[in-house]
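S.K.: You'll find query-v2.txt just under this line, and it carries compact mmCIF, C-alpha atoms and all ligand atoms.
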```txt
# COMPACT_ATOMS: atom_id res chain seq x y z
CA MET C 96 -75.22 -52.24 81.76
CA SER C 97 -73.88 -49.65 84.18
CA LYS C 98 -76.23 -48.48 86.92
CA LYS C 99 -76.57 -45.88 89.64
CA VAL C 100 -76.62 -47.69 93.00
CA LEU C 101 -77.43 -46.13 96.36
CA VAL C 102 -75.75 -47.42 99.51
CA ILE C 103 -77.55 -46.65 102.76
CA GLY C 104 -74.77 -46.19 105.31
CA GLU C 105 -75.15 -46.99 108.98
CA ALA C 106 -73.24 -45.56 111.90
CA ARG C 107 -73.11 -46.29 115.56
CA GLU C 108 -71.91 -43.65 118.01
CA GLY C 109 -70.30 -41.62 115.28
CA THR C 110 -68.51 -44.50 113.58
CA LEU C 111 -69.58 -46.18 110.39
CA ARG C 112 -70.39 -49.85 110.76
CA ASN C 113 -68.17 -52.17 108.76
CA VAL C 114 -71.16 -53.56 106.89
CA THR C 115 -71.48 -50.14 105.21
CA PHE C 116 -68.12 -50.74 103.49
CA GLU C 117 -69.22 -54.25 102.53
CA ALA C 118 -72.43 -52.77 101.08
CA ILE C 119 -70.31 -50.36 99.01
CA ALA C 120 -68.34 -53.34 97.64
CA ALA C 121 -71.64 -55.05 96.73
CA ALA C 122 -72.92 -51.83 95.15
CA ASN C 123 -69.79 -51.61 93.00
CA ILE C 124 -70.49 -55.09 91.63
CA ILE C 125 -74.13 -54.18 90.92
CA SER C 126 -73.28 -50.80 89.37
CA ASP C 127 -70.96 -52.41 86.82
CA GLY C 128 -68.89 -49.27 86.39
CA GLY C 129 -71.84 -46.92 86.99
CA GLU C 130 -72.14 -44.64 89.98
CA VAL C 131 -72.19 -45.61 93.65
CA VAL C 132 -73.88 -42.98 95.81
CA GLY C 133 -73.72 -43.20 99.59
CA VAL C 134 -76.51 -41.87 101.83
CA LEU C 135 -76.13 -41.03 105.49
CA CYS C 136 -78.81 -39.86 107.88
CA GLY C 137 -78.21 -38.44 111.34
CA GLU C 138 -78.31 -35.41 113.53
CA GLY C 139 -75.18 -33.72 112.20
CA GLN C 140 -71.42 -34.05 111.63
CA LEU C 141 -71.85 -36.54 108.84
CA GLU C 142 -69.20 -35.16 106.51
CA GLU C 143 -66.27 -37.16 107.89
CA MET C 144 -68.26 -40.36 107.66
CA GLY C 145 -69.28 -39.40 104.14
CA LYS C 146 -65.61 -39.07 103.18
CA GLU C 147 -64.95 -42.47 104.72
CA MET C 148 -67.61 -43.98 102.42
CA ILE C 149 -65.79 -42.42 99.46
CA TYR C 150 -62.44 -43.88 100.62
CA TYR C 151 -64.11 -47.30 100.54
CA GLY C 152 -65.49 -46.95 97.01
CA ALA C 153 -68.51 -44.63 96.90
CA ASP C 154 -68.31 -41.99 94.16
CA ARG C 155 -70.20 -39.35 96.11
CA VAL C 156 -72.32 -39.14 99.25
CA THR C 157 -75.54 -37.34 100.19
CA THR C 158 -76.11 -36.60 103.85
CA VAL C 159 -79.39 -35.71 105.54
CA ALA C 160 -78.92 -34.03 108.90
CA ASN C 161 -81.94 -33.31 111.05
CA GLU C 162 -82.55 -33.34 114.80
CA ASN C 163 -85.34 -35.86 114.21
CA LEU C 164 -82.73 -38.28 112.82
CA LYS C 165 -80.64 -38.35 115.99
CA THR C 166 -81.74 -41.89 116.71
CA TYR C 167 -83.20 -44.32 114.25
CA THR C 168 -86.95 -44.45 113.77
CA SER C 169 -88.58 -45.98 110.73
CA ASP C 170 -90.73 -42.86 110.30
CA GLY C 171 -87.78 -40.45 110.34
CA TYR C 172 -85.34 -42.48 108.30
CA GLY C 173 -88.14 -43.53 105.96
CA GLN C 174 -88.89 -39.89 105.12
CA ALA C 175 -85.23 -38.91 104.72
CA LEU C 176 -84.30 -41.90 102.58
CA GLN C 177 -87.43 -41.63 100.46
CA ALA C 178 -86.51 -38.00 99.66
CA VAL C 179 -83.01 -39.02 98.56
CA ILE C 180 -84.34 -41.94 96.51
CA ASP C 181 -86.86 -39.62 94.80
CA ASP C 182 -84.02 -37.24 93.94
CA GLU C 183 -81.57 -39.83 92.73
CA SER C 184 -83.85 -42.39 91.01
CA PRO C 185 -81.31 -45.18 91.58
CA GLU C 186 -81.38 -48.47 89.71
CA GLY C 187 -80.03 -50.30 92.74
CA ILE C 188 -80.12 -49.89 96.54
CA VAL C 189 -77.95 -51.81 99.03
CA MET C 190 -77.88 -51.81 102.82
CA GLY C 191 -76.56 -54.05 105.58
CA HIS C 192 -78.85 -56.79 106.88
CA THR C 193 -78.76 -55.27 110.35
CA SER C 194 -81.61 -54.53 112.76
CA ILE C 195 -82.11 -51.18 111.04
CA GLY C 196 -81.69 -52.68 107.57
CA LYS C 197 -84.27 -55.35 108.35
CA ASP C 198 -86.72 -52.70 109.56
CA ILE C 199 -86.41 -49.99 106.94
CA THR C 200 -85.80 -51.84 103.67
CA PRO C 201 -89.14 -53.69 103.42
CA LYS C 202 -90.89 -50.40 104.10
CA LEU C 203 -88.94 -48.61 101.35
CA ALA C 204 -89.32 -51.52 98.93
CA SER C 205 -93.05 -51.52 99.47
CA ARG C 206 -93.26 -47.77 98.83
CA LEU C 207 -91.12 -48.15 95.73
CA GLU C 208 -93.14 -51.20 94.64
CA SER C 209 -89.83 -52.97 94.08
CA GLY C 210 -88.56 -56.41 94.97
CA LEU C 211 -86.15 -56.94 97.86
CA ILE C 212 -83.51 -59.62 98.24
CA SER C 213 -82.73 -59.80 101.93
CA ASP C 214 -79.74 -61.26 103.77
CA ALA C 215 -77.55 -61.86 100.70
CA THR C 216 -74.24 -63.55 101.41
CA GLU C 217 -72.84 -63.14 97.90
CA VAL C 218 -73.44 -60.99 94.85
CA VAL C 219 -71.97 -61.66 91.43
CA ALA C 220 -72.38 -60.23 87.96
CA GLU C 221 -73.04 -63.16 85.59
CA ASP C 222 -73.81 -62.77 81.86
CA GLY C 223 -75.19 -59.28 82.38
CA LYS C 224 -77.31 -60.40 85.35
CA ILE C 225 -76.82 -59.58 89.02
CA VAL C 226 -77.19 -62.81 90.98
CA PHE C 227 -77.50 -62.88 94.76
CA THR C 228 -76.98 -65.90 97.02
CA ARG C 229 -78.98 -66.06 100.23
CA PRO C 230 -79.54 -68.70 102.90
CA ILE C 231 -82.88 -70.46 103.23
CA TYR C 232 -84.29 -72.98 105.72
CA SER C 233 -82.26 -71.44 108.57
CA GLY C 234 -78.99 -71.70 106.66
CA LYS C 235 -79.36 -75.37 105.65
CA ALA C 236 -79.47 -74.45 101.95
CA PHE C 237 -78.70 -71.48 99.73
CA GLU C 238 -80.74 -70.07 96.86
CA LYS C 239 -79.68 -67.85 93.98
CA LYS C 240 -81.93 -64.95 93.12
CA GLU C 241 -82.08 -61.99 90.80
CA ILE C 242 -84.43 -59.05 90.40
CA THR C 243 -85.40 -58.93 86.76
CA ASP C 244 -87.61 -55.85 86.82
CA GLY C 245 -87.27 -52.53 88.64
CA ILE C 246 -84.80 -51.46 91.30
CA ILE C 247 -82.22 -54.06 92.36
CA PHE C 248 -82.76 -53.74 96.10
CA ALA C 249 -80.85 -55.93 98.55
CA THR C 250 -79.62 -56.20 102.10
CA ILE C 251 -76.33 -57.99 102.69
CA ARG C 252 -75.36 -60.13 105.64
CA PRO C 253 -72.45 -58.62 107.63
CA ASN C 254 -69.06 -60.35 107.36
CA ASN C 255 -69.73 -62.09 104.03
CA ILE C 256 -68.96 -59.73 101.15
CA PRO C 257 -65.41 -58.40 101.55
CA ALA C 258 -65.10 -54.63 101.77
CA GLY C 259 -62.74 -52.92 99.32
CA GLN C 260 -59.38 -51.49 100.38
CA ARG C 261 -59.57 -48.09 102.05
CA ASP C 262 -57.97 -45.51 99.79
CA ASP C 263 -57.85 -42.01 101.25
CA SER C 264 -56.68 -40.54 97.96
CA ARG C 265 -60.14 -41.16 96.47
CA MET C 266 -62.03 -37.95 95.82
CA GLY C 267 -65.77 -37.38 95.79
CA GLU C 268 -68.34 -34.86 96.88
CA VAL C 269 -70.20 -35.03 100.18
CA THR C 270 -73.32 -32.88 99.83
CA GLU C 271 -75.96 -32.14 102.39
CA LYS C 272 -79.60 -32.38 101.45
CA SER C 273 -82.23 -30.64 103.49
CA VAL C 274 -85.30 -32.77 104.17
CA GLU C 275 -88.35 -31.95 106.31
CA VAL C 276 -88.59 -34.77 108.84
CA GLY C 277 -91.59 -34.76 111.13
CA ASN C 278 -94.59 -36.69 112.38
CA ILE C 279 -92.41 -39.27 114.13
CA ARG C 280 -94.74 -41.69 115.85
CA THR C 281 -92.07 -43.53 117.83
CA ILE C 282 -90.15 -41.68 120.51
CA ILE C 283 -86.84 -43.25 121.55
CA LYS C 284 -86.23 -42.10 125.11
CA ASP C 285 -83.08 -44.02 125.88
CA ILE C 286 -80.87 -46.74 124.44
CA ILE C 287 -79.50 -49.20 126.96
CA ARG C 288 -76.73 -51.37 125.63
CA LYS C 289 -76.59 -54.83 127.14
CA SER C 290 -73.68 -56.49 125.30
CA SER C 291 -70.51 -56.54 127.36
CA ASP C 292 -68.14 -54.61 125.12
CA GLY C 293 -70.34 -52.84 122.64
CA VAL C 294 -69.17 -55.02 119.72
CA ASP C 295 -72.10 -56.00 117.56
CA LEU C 296 -72.25 -59.80 117.48
CA SER C 297 -73.34 -59.87 113.85
CA GLU C 298 -70.15 -58.04 112.84
CA ALA C 299 -67.72 -59.71 115.26
CA LYS C 300 -64.76 -61.57 113.74
CA VAL C 301 -64.26 -63.80 116.78
CA ILE C 302 -67.08 -65.07 119.01
CA ILE C 303 -66.73 -67.17 122.15
CA ALA C 304 -70.20 -68.54 122.83
CA GLY C 305 -71.34 -70.17 126.04
CA GLY C 306 -74.20 -72.58 126.55
CA ARG C 307 -75.98 -74.17 129.46
CA GLY C 308 -72.73 -76.06 130.12
CA VAL C 309 -71.27 -72.79 131.43
CA LYS C 310 -73.54 -73.37 134.43
CA SER C 311 -73.74 -69.84 135.89
CA GLU C 312 -73.23 -66.15 135.24
CA GLU C 313 -69.74 -66.44 136.77
CA GLY C 314 -69.09 -69.37 134.43
CA PHE C 315 -68.95 -66.83 131.60
CA GLU C 316 -65.85 -65.18 133.09
CA PRO C 317 -63.29 -67.54 131.50
CA LEU C 318 -65.11 -67.09 128.17
CA GLU C 319 -64.82 -63.30 128.53
CA GLN C 320 -61.10 -63.70 129.23
CA LEU C 321 -60.68 -65.89 126.15
CA ALA C 322 -62.59 -63.32 124.10
CA GLU C 323 -60.27 -60.64 125.40
CA VAL C 324 -57.04 -62.43 124.44
CA LEU C 325 -58.45 -63.23 121.01
CA GLY C 326 -59.90 -59.76 120.44
CA GLY C 327 -63.40 -61.18 120.20
CA THR C 328 -66.74 -60.90 121.90
CA VAL C 329 -69.00 -63.22 123.89
CA GLY C 330 -72.23 -64.77 122.64
CA ALA C 331 -74.57 -67.42 124.02
CA SER C 332 -77.04 -70.15 123.26
CA ARG C 333 -80.66 -69.75 124.24
CA GLY C 334 -80.06 -72.43 126.85
CA ALA C 335 -77.66 -70.08 128.65
CA CYS C 336 -80.01 -67.09 128.24
CA ASP C 337 -83.05 -69.03 129.45
CA ALA C 338 -81.09 -70.18 132.48
CA GLY C 339 -80.39 -66.53 133.33
CA TYR C 340 -76.61 -66.80 132.91
CA CYS C 341 -76.52 -63.92 130.43
CA ASP C 342 -78.66 -61.38 128.65
CA TYR C 343 -80.86 -62.30 125.68
CA SER C 344 -79.02 -59.70 123.60
CA LEU C 345 -76.20 -62.29 123.39
CA GLN C 346 -78.41 -65.06 122.00
CA ILE C 347 -77.29 -66.61 118.74
CA GLY C 348 -79.57 -68.77 116.65
CA GLN C 349 -82.87 -68.98 114.88
CA THR C 350 -84.57 -66.59 117.30
CA GLY C 351 -81.37 -64.72 118.16
CA LYS C 352 -78.61 -63.18 116.08
CA VAL C 353 -77.21 -64.73 112.91
CA VAL C 354 -73.42 -64.55 112.95
CA THR C 355 -70.66 -65.43 110.51
CA PRO C 356 -67.39 -64.69 112.31
CA ASP C 357 -63.98 -65.93 111.19
CA LEU C 358 -63.77 -67.97 114.40
CA TYR C 359 -66.63 -69.32 116.55
CA ILE C 360 -65.76 -71.18 119.74
CA ALA C 361 -68.79 -72.97 121.22
CA CYS C 362 -68.31 -73.83 124.89
CA GLY C 363 -70.80 -76.15 126.57
CA ILE C 364 -73.32 -75.87 123.72
CA SER C 365 -75.06 -79.05 122.56
CA GLY C 366 -75.65 -77.88 118.97
CA ALA C 367 -79.45 -77.84 118.74
CA ILE C 368 -80.70 -77.14 115.22
CA GLN C 369 -82.03 -73.73 116.32
CA HIS C 370 -78.56 -72.75 117.55
CA LEU C 371 -76.85 -74.01 114.39
CA ALA C 372 -79.23 -71.82 112.35
CA GLY C 373 -77.42 -68.79 113.71
CA MET C 374 -73.78 -69.84 113.51
CA SER C 375 -73.18 -72.78 111.17
CA ASN C 376 -71.87 -70.50 108.41
CA SER C 377 -69.01 -69.27 110.61
CA LYS C 378 -65.69 -69.71 108.83
CA VAL C 379 -63.98 -71.85 111.49
CA ILE C 380 -65.96 -73.53 114.27
CA VAL C 381 -64.32 -74.93 117.39
CA ALA C 382 -66.47 -76.90 119.85
CA ILE C 383 -65.62 -77.65 123.46
CA ASN C 384 -68.01 -80.13 125.03
CA LYS C 385 -67.62 -82.95 127.50
CA ASP C 386 -70.10 -85.13 125.59
CA PRO C 387 -68.33 -86.69 122.57
CA GLU C 388 -71.76 -87.35 121.00
CA ALA C 389 -72.86 -83.69 121.16
CA ASN C 390 -74.35 -82.54 117.86
CA ILE C 391 -72.15 -79.44 117.80
CA PHE C 392 -69.22 -81.69 116.77
CA ASN C 393 -71.06 -82.41 113.49
CA VAL C 394 -70.56 -78.82 112.36
CA ALA C 395 -67.23 -78.17 114.09
CA ASP C 396 -63.95 -77.91 112.20
CA TYR C 397 -62.08 -78.65 115.44
CA GLY C 398 -63.56 -80.46 118.41
CA ILE C 399 -62.23 -80.66 121.96
CA VAL C 400 -63.89 -83.27 124.16
CA GLY C 401 -63.44 -82.06 127.70
CA ASP C 402 -64.63 -79.89 130.53
CA LEU C 403 -64.71 -76.29 129.38
CA PHE C 404 -63.50 -75.13 132.79
CA ASP C 405 -60.26 -77.10 132.20
CA VAL C 406 -59.93 -76.40 128.49
CA VAL C 407 -60.69 -72.65 128.31
CA PRO C 408 -58.05 -71.55 130.91
CA LYS C 409 -55.46 -73.72 129.11
CA LEU C 410 -56.36 -72.10 125.80
CA ILE C 411 -56.01 -68.65 127.36
CA GLU C 412 -52.55 -69.53 128.72
CA GLU C 413 -51.40 -70.99 125.39
CA ILE C 414 -52.61 -67.95 123.45
CA LYS C 415 -50.90 -65.60 125.90
CA GLN C 416 -47.65 -67.60 125.48
CA MET C 417 -47.93 -67.35 121.69
CA LYS C 418 -48.24 -63.58 122.00
CA VAL C 419 -45.10 -63.17 124.13
P1 LIG P 1 -78.00 -77.87 126.30
O1 LIG P 1 -78.72 -78.47 125.15
O2 LIG P 1 -78.48 -78.19 127.66
O3 LIG P 1 -76.49 -78.28 126.15
C1 LIG P 1 -75.50 -78.05 127.11
C2 LIG P 1 -74.24 -78.74 126.63
O4 LIG P 1 -73.19 -78.42 127.51
C3 LIG P 1 -74.35 -80.26 126.57
O5 LIG P 1 -73.99 -80.71 125.28
C4 LIG P 1 -73.34 -80.74 127.63
O6 LIG P 1 -72.67 -81.93 127.24
C5 LIG P 1 -72.38 -79.57 127.66
N1 LIG P 1 -71.66 -79.40 128.93
C6 LIG P 1 -72.18 -79.41 130.19
N2 LIG P 1 -71.21 -79.13 131.08
C7 LIG P 1 -70.07 -78.95 130.39
C8 LIG P 1 -68.73 -78.63 130.75
N3 LIG P 1 -68.40 -78.41 132.02
N4 LIG P 1 -67.81 -78.54 129.78
C9 LIG P 1 -68.13 -78.76 128.48
N5 LIG P 1 -69.39 -79.06 128.07
C10 LIG P 1 -70.34 -79.13 129.01
N6 LIG P 1 -81.40 -72.10 120.91
C11 LIG P 1 -80.40 -71.25 120.60
O7 LIG P 1 -79.24 -71.42 121.02
N7 LIG P 1 -80.67 -70.15 119.83
C12 LIG P 1 -81.90 -69.88 119.33
O8 LIG P 1 -82.08 -68.87 118.65
C13 LIG P 1 -82.96 -70.79 119.63
N8 LIG P 1 -84.19 -70.59 119.13
C14 LIG P 1 -85.17 -71.52 119.40
C15 LIG P 1 -86.44 -71.37 118.81
C16 LIG P 1 -87.41 -72.31 119.05
C17 LIG P 1 -88.75 -72.13 118.39
C18 LIG P 1 -87.15 -73.41 119.88
C19 LIG P 1 -88.20 -74.45 120.12
C20 LIG P 1 -85.92 -73.56 120.46
C21 LIG P 1 -84.91 -72.62 120.25
N9 LIG P 1 -83.65 -72.74 120.83
C22 LIG P 1 -82.64 -71.88 120.46
C23 LIG P 1 -83.38 -73.73 121.89
C24 LIG P 1 -82.67 -74.97 121.41
O9 LIG P 1 -83.60 -75.92 120.95
C25 LIG P 1 -81.84 -75.58 122.57
O10 LIG P 1 -82.72 -75.85 123.64
C26 LIG P 1 -80.71 -74.69 123.07
O11 LIG P 1 -79.92 -74.26 122.01
C27 LIG P 1 -79.86 -75.50 124.04
O12 LIG P 1 -78.87 -74.69 124.57
P2 LIG P 1 -77.49 -75.33 125.05
O13 LIG P 1 -76.85 -76.05 123.92
O14 LIG P 1 -76.72 -74.25 125.70
O15 LIG P 1 -77.98 -76.29 126.21
```
Translate this structure into structure tokens?
M.R.:
Amino acid sequence: MSKKVLVIGEAREGTLRNVTFEAIAAANIISDGGEVVGVLCGEGQLEEMGKEMIYYGADRVTTVANENLKTYTSDGYGQALQAVIDDESPEGIVMGHTSIGKDITPKLASRLESGLISDATEVVAEDGKIVFTRPIYSGKAFEKKEITDGIIFATIRPNNIPAGQRDDSRMGEVTEKSVEVGNIRTIIKDIIRKSSDGVDLSEAKVIIAGGRGVKSEEGFEPLEQLAEVLGGTVGASRGACDAGYCDYSLQIGQTGKVVTPDLYIACGISGAIQHLAGMSNSKVIVAINKDPEANIFNVADYGIVGDLFDVVPKLIEEIKQMKV
């Protein structure tokens, strides 16, 4: 049965995050030929981003511009999104499983008294049902779930559900809705970005991760160079963060970020279960470790036994040669 599905878009510094397009693809599966409506909140200038959502498969977009929506707060976005949901009465809502998605969706679901399937890695329409797959037990198993009553509300894990093709001939309306947004209890004074290149780890296609084996802050330099030649970004194990070699914003794992890049290169990481929880669903895993017994080799597609300070520079040289 066709449905109206809302997609809550997310932007960073004026650019839509890729997971928004993936959420639109998921919404199109859920809507089953119904209507996919994008929603964007912010301070202003949302029209271009609204059009972008249409190019990726939304049928129309509602924007809410308000000075109190300049930066994300759950109070502000909660009020704006609730107003749009009240207006639209959607049968489905989809958002990325990002920091903001993780914060706002339980709040909305509770207000709507609906269920919420979080962190879905797949969505399929099966015999008239919408079935989501999501990881459990830190990614060691997957469960299939459906919402049988009320709004089909889900967050999707970045990098798992392929976005549709961008088609700038697609037409659709971008309309602005005026919403009173006030009584914000959290004041964001400043946002200080710690990651080296501004690429969000959870959306990165290539990650070069360093562990305690990197040995120092300077030890991360070859990893940064490898990330640069591969167009990727640098991540870390908690071992490296705890040792002070890098910032905790780079931590991947059970208590860090969950990532699913196309390529994950683990350098000097032993492969503790808590680290694997954050990266074992990467598409291709390469491990570089001087200990042939290291647990990381059990999840790696390709393993290199050796000293990372020998191996990484050689890899950089080889990749540069391939590019010439
Ligand atoms: P180590 O285990 O010390 O491994 C270093 C590796 O580097 C070794 O395998 C060694 O052989 C190799 N090595 C050394 N020198 C070189 C060299 N020159 N070249 C190549 N290889 C070399 N960890 C996470 O990563 N993420 C989490 O989110 C996380 N959450 C946790 C939550 C809890 C509740 C707990 C208890 C732990 C958590 N941990 C987490 C910590 C986890 O248990 C491990 O302690 C941590 O992952 C180890 O980091 P590491 O692999 O970098 O260090």
S.K.: From the options C:Lys98, C:Gly305, C:Asn390, C:Leu371, which residue's atoms come nearest to Gly245 of chain C, counting all atoms listed in the file?
M.R.: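 Of all the options, C:Lys98 lies closest to Gly245 of chain C.
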S.K.: Please define a box with edges along x, y and z of the file around all atoms of ligand LIG 1 (chain P) given in the file, extend it by 8 Å on each side, and return its centre and edge lengths in Å to one decimal, as lines of an AutoDock Vina configuration file.
M.R.:
```
center_x = -78.3
center_y = -75.4
center_z = 125.2
size_x = 36.9
size_y = 29.1
size_z = 29.6
```
S.K.: Show me which residues sit within 7 Å of ligand LIG 1 (chain P) when counting only C-alpha atoms and all ligand atoms, and put them as number ranges by chain.
M.R.: C: 305-309, 331-335, 346-351, 362-370, 373, 383-386, 389, 401-404
S.K.: Hey, can you check how far atom CA of Ser194 of chain C sits from atom CA of Lys284 of chain C?
M.R.: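 One can read the atom CA of Ser194 of chain C to atom CA of Lys284 of chain C distance as 18.1 Å.
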S.K.: Separation of atom CA of Gly173 of chain C and atom CA of Val102 of chain C, in Å?
M.R.: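 Separation between atom CA of Gly173 of chain C and atom CA of Val102 of chain C: 14.5 Å.
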S.K.: Go through C:Ala121, C:Leu164, C:Val419, C:Ile103 one by one, measure the shortest atom-to-atom distance of each to Gly277 of chain C using only C-alpha atoms, and give the residue with the smallest value.
M.R.: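 Between C:Ala121, C:Leu164, C:Val419, C:Ile103, the residue approaching Gly277 of chain C most closely is C:Leu164.
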S.K.: Counting only C-alpha atoms, find the residues whose atoms lie at most 12 Å from (-79.7, -75.9, 104.0) (file coordinates) and write them out as a PyMOL selection string.
M.R.: chain C and resi 229-238+368+371-372+375-376
S.K.: Could you list, as a JSON list (two decimals) with C-alpha atoms, in the coordinates of the input, every residue within 12 Å of Glu221 of chain C, counting all atoms listed in the file and ignoring same-chain residues fewer than 4 positions away?
M.R.:
```json
[["chain", "number", "residue", "atom", "x", "y", "z"],
["C", 96, "MET", "CA", -75.22, -52.24, 81.76],
["C", 124, "ILE", "CA", -70.49, -55.09, 91.63],
["C", 125, "ILE", "CA", -74.13, -54.18, 90.92],
["C", 127, "ASP", "CA", -70.96, -52.41, 86.82],
["C", 225, "ILE", "CA", -76.82, -59.58, 89.02],
["C", 226, "VAL", "CA", -77.19, -62.81, 90.98],
["C", 227, "PHE", "CA", -77.50, -62.88, 94.76],
["C", 239, "LYS", "CA", -79.68, -67.85, 93.98],
["C", 240, "LYS", "CA", -81.93, -64.95, 93.12],
["C", 241, "GLU", "CA", -82.08, -61.99, 90.80]]
```
S.K.: Which residues are near Lys197 of chain C? Cut-off 12 Å, all atoms listed in the file, ignore same chain within fewer than 3 positions. Put them as a list of chain:residue names.
M.R.: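 Close residues of Lys197 of chain C: C:Ser169, C:Val189, C:Met190, C:Gly191, C:His192, C:Thr193, C:Ser194, C:Thr200, C:Pro201, C:Lys202, C:Leu203, C:Ala204, C:Leu211, C:Ile212, C:Ser213, C:Asp214, C:Ala249, C:Thr250, C:Ile251, C:Arg252.
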S.K.: Find the residues around Leu135 of chain C up to 7 Å (only C-alpha atoms counted), leave out those fewer than 3 positions away in its own chain, and share them as a PyMOL selection string.
M.R.: chain C and resi 103-105+157-159
S.K.: Please provide as JSON, numbers by chain all residues within 10 Å of Val324 of chain C, with the sequence filter that same-chain residues fewer than 4 positions apart are discarded (counting only C-alpha atoms).
M.R.: {"C": [319, 320, 410, 411, 412, 414, 415, 418]}
S.K.: May I ask which of the residues C:Gly171, C:Pro185, C:Gly145, C:Gly314 is the closest one to Arg280 of chain C, counting all atoms listed in the file?
M.R.: C:Gly171
